[in-house]
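K.L.:
Quick one: the structure is below, and I'll ask about it shortly.
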Amino acid sequence: MEEILTSLATWGYIALFLYSFGGGMVAIIAAGVLSYKGVMNIEVSIAVAATANFIGDAVLSSIGRYNREVIMPYIKKHRRKLALSHILMKRYGDRIIIIKKFIYGLKTLIPIAVGLTKYPLLKFNIINLIAAIIWALSLGYGSYYAGEYFTKIFYMLEDKPYIAPVILAFLVFIIWLYFKKATKKRVL
């Protein structure tokens, strides 16, 4: 355990940046807990995570806007999910840019969908910056103040390692079920 904490103190901010670039919900929560333990600094962790998350979504939307031909083969299998993203954008408007930060699976699709549409990139980037700050503050400070609770869970999972894969499988199943239902063809 001590080796892991020493390693995270050395490489933690770099790992947090790289993981937050593509989403990073687990990384900012881990950084909050490690800040609670005194291994990392919560303010620096929040700044790193918000910056990386903002840059990651800005890059995805730019790729969608300026490199459609390159990205289309990769998203061909996800056309229905992209259509769901468009529907959510129409239904919830700009709020979906903030909401999607907290929903696994949408955090990658919405920026790509924004890039593929005529949605103004400047407007997206301004809202995305605000959303990244809200995301990092809420998850960072939330996990920091719940650090004792998360530490107890960690030690419980260390004693009973079979529980973590079961919980993870259940969460993946719930997410899969949601997308299956949300993207199902409807007969008129």
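Letters A, B, ... go to the chains of the structure tokens in the order shown; residues in each chain start at 1; ligands are counted from 1 in the same order.
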Do you know which residues are at most 12 Å from segment 107-114 of chain A counting only C-alpha atoms, after dropping those on the same chain fewer than 6 positions away, and could you put them as a ChimeraX atom specification?

P.N.:
/A:20-25,53-68,71-72,74-75,78-90,93-101,120-125,127-128,131-132,135

K.L.:
Within 12 Å of Ser35 of chain A, counting only C-alpha atoms, which residues qualify if same-chain residues fewer than 2 places away don't, as a ChimeraX atom specification?

P.N.:
/A:5,8-9,12-13,27-33,37-46,140-148,151
